[in-house]
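Worksheet for the structure shown next.
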Amino acid sequence: MQRTIRVTVWNEFIQERTEEAVAKVYPRGIHEAIAEYLRQQPGLVVRTATLDQPEHGLAEDVLRETDVLIWWGHVAHDKVSDAVVERVYRRVLEGMGLIVLHSGHYSKIFRRLMGTSCSLKWREAGERERVWVVAPWHPIAEGLPEYFEIEHEEMYGEYFDIPPPDELVFISWFEGGEVFRSGCCFYRGRGRVFYFRPGHETHPTFYNPHVRRVILNAVKWAAPVGGPAPRYGNVKPLEPIRGAR
Ligand code: ZN
């Protein structure tokens, strides 16, 4: 029997409440657009959390009961408390999966986990994005075509200042000519981190069936596998060591 995966979808939830163009696309917030799809999937238990809640909705007990955390942030990265970032960081090293979406590339937690600036090029022209699968063998590519297109998106371009990903699943091409490593897997401690590029707040990207499928696949890939808990430090030998002095 498959184990239930407990998912928390975190969103700063600001522009949906302050900018009409964003509210029109995501009237209940980006977190709800993602959560409403995930809730329909068997084997997932889904909750949401937002910046304005106490401890940003990410109290110790919430994170302890989270197998995979999804993160969308943009204009308020600096409003996220360092204590919460530290807590999420620790949980990732312990094995919690983390999926960072779009402008989350500049979030404190992603930069902390990468150790680099995570800077990139960008342009808001609502241009076409073609997302190519470059690892068809990868669980995150399950059920996808060779490529899929998003009619209108913000452009992100290389160079993207991240460490070389442990696995690269997608590369995006943009109508204006740039390319971007748009689906990147990283192993950190016992945790798995997936960065996925699409998801600008003024475009209906999180209703796109391919984008939704990628997020679902990533949740399954990033969920902890329940391996042995490591022990560290000085240890006694399992057998007597012959010839020990
Ligand atoms: Zn954006």
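Every chain in the structure tokens takes a letter, A first, then B, and so on in the order presented; its residues are numbered from 1, and the ligands are numbered from 1 following the presented order.
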### Task
Compile the contact shell of Ile34 of chain A as a PyMOL selection string: residues with an atom at most 10 Å away, counting only C-alpha atoms, same-chain residues fewer than 6 positions apart removed.
chain A and resi 9-10+46+48+70+206-207+211-212+215-216
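Running DSSP on the backbone gives strand (DSSP E or B) for these residues within segment 105-136 of chain A: Lys121, Trp122, Arg123, Glu124, Ala125, Gly126, Glu127, Arg128, Glu129, Arg130, Val131, Trp132 and Val133 of chain A.
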* Asked: Got a sec to check which residues lie within 9 Å of ligand 1, using only C-alpha atoms and all ligand atoms, and send them as JSON, numbers by chain?
  -> {"A": [74, 102, 103, 122, 123, 124, 153, 154, 155, 156, 198, 199, 200, 201, 202]}
key: Shell around Gly43 of chain A at 9 Å using only C-alpha atoms, local window under 2 positions removed, as a list in words   =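 That gives Gln2, Arg3, Thr4, Ile5, Arg6, Gln41 and Val45 of chain A.
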* To do: Please identify which residues in segment 96-187 of chain A DSSP calls helix (DSSP H, G or I) from the backbone, and express them as JSON, numbers by chain.
  => {"A": [102, 103, 104, 105, 106, 108, 109, 110, 111, 112, 113, 114, 139, 140, 141]}
Just to be explicit: take each residue in the selection above, keep C-alpha atoms, and write the result as a PDB file, in the first residue's frame.
ATOM      1  CA  HIS A 102       9.146  30.487 -10.213  1.00  0.00           C
ATOM      2  CA  SER A 103      10.152  33.704  -8.355  1.00  0.00           C
ATOM      3  CA  GLY A 104      10.922  31.546  -5.307  1.00  0.00           C
ATOM      4  CA  HIS A 105      14.416  31.348  -6.846  1.00  0.00           C
ATOM      5  CA  TYR A 106      15.177  34.473  -4.781  1.00  0.00           C
ATOM      6  CA  LYS A 108      15.795  33.024   1.541  1.00  0.00           C
ATOM      7  CA  ILE A 109      15.272  29.286   1.840  1.00  0.00           C
ATOM      8  CA  PHE A 110      16.285  28.497  -1.755  1.00  0.00           C
ATOM      9  CA  ARG A 111      19.387  30.713  -1.623  1.00  0.00           C
ATOM     10  CA  ARG A 112      20.331  29.172   1.720  1.00  0.00           C
ATOM     11  CA  LEU A 113      20.057  25.663   0.277  1.00  0.00           C
ATOM     12  CA  MET A 114      21.955  26.571  -2.911  1.00  0.00           C
ATOM     13  CA  PRO A 139       9.978  10.333 -12.294  1.00  0.00           C
ATOM     14  CA  ILE A 140       9.152  14.056 -12.631  1.00  0.00           C
ATOM     15  CA  ALA A 141       8.734  13.562 -16.415  1.00  0.00           C
TER      16      ALA A 141
END
One residue among A:Val75, A:Phe160, A:Ala49, A:Phe194 is nearest to Thr18 of chain A when using only C-alpha atoms, and that residue is A:Val75
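For Arg188 of chain A, the residues within 8 Å (counting only C-alpha atoms, excluding itself and residues fewer than 3 positions away along the chain) are A:Val92, A:Leu93, A:Leu113, A:Gly191, A:Arg192, A:Val193.
Distances here use only C-alpha atoms; by that measure, the residue among A:Glu146, A:Glu158, A:Glu127, A:Glu151 closest to Phe170 of chain A is A:Glu146.
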Do a neighbour search on Ile99 of chain A at 8 Å with only C-alpha atoms, toss out local chain neighbours closer than 4 positions, and write the hits as a ChimeraX atom specification. /A:68-71,193-196,218-219,222
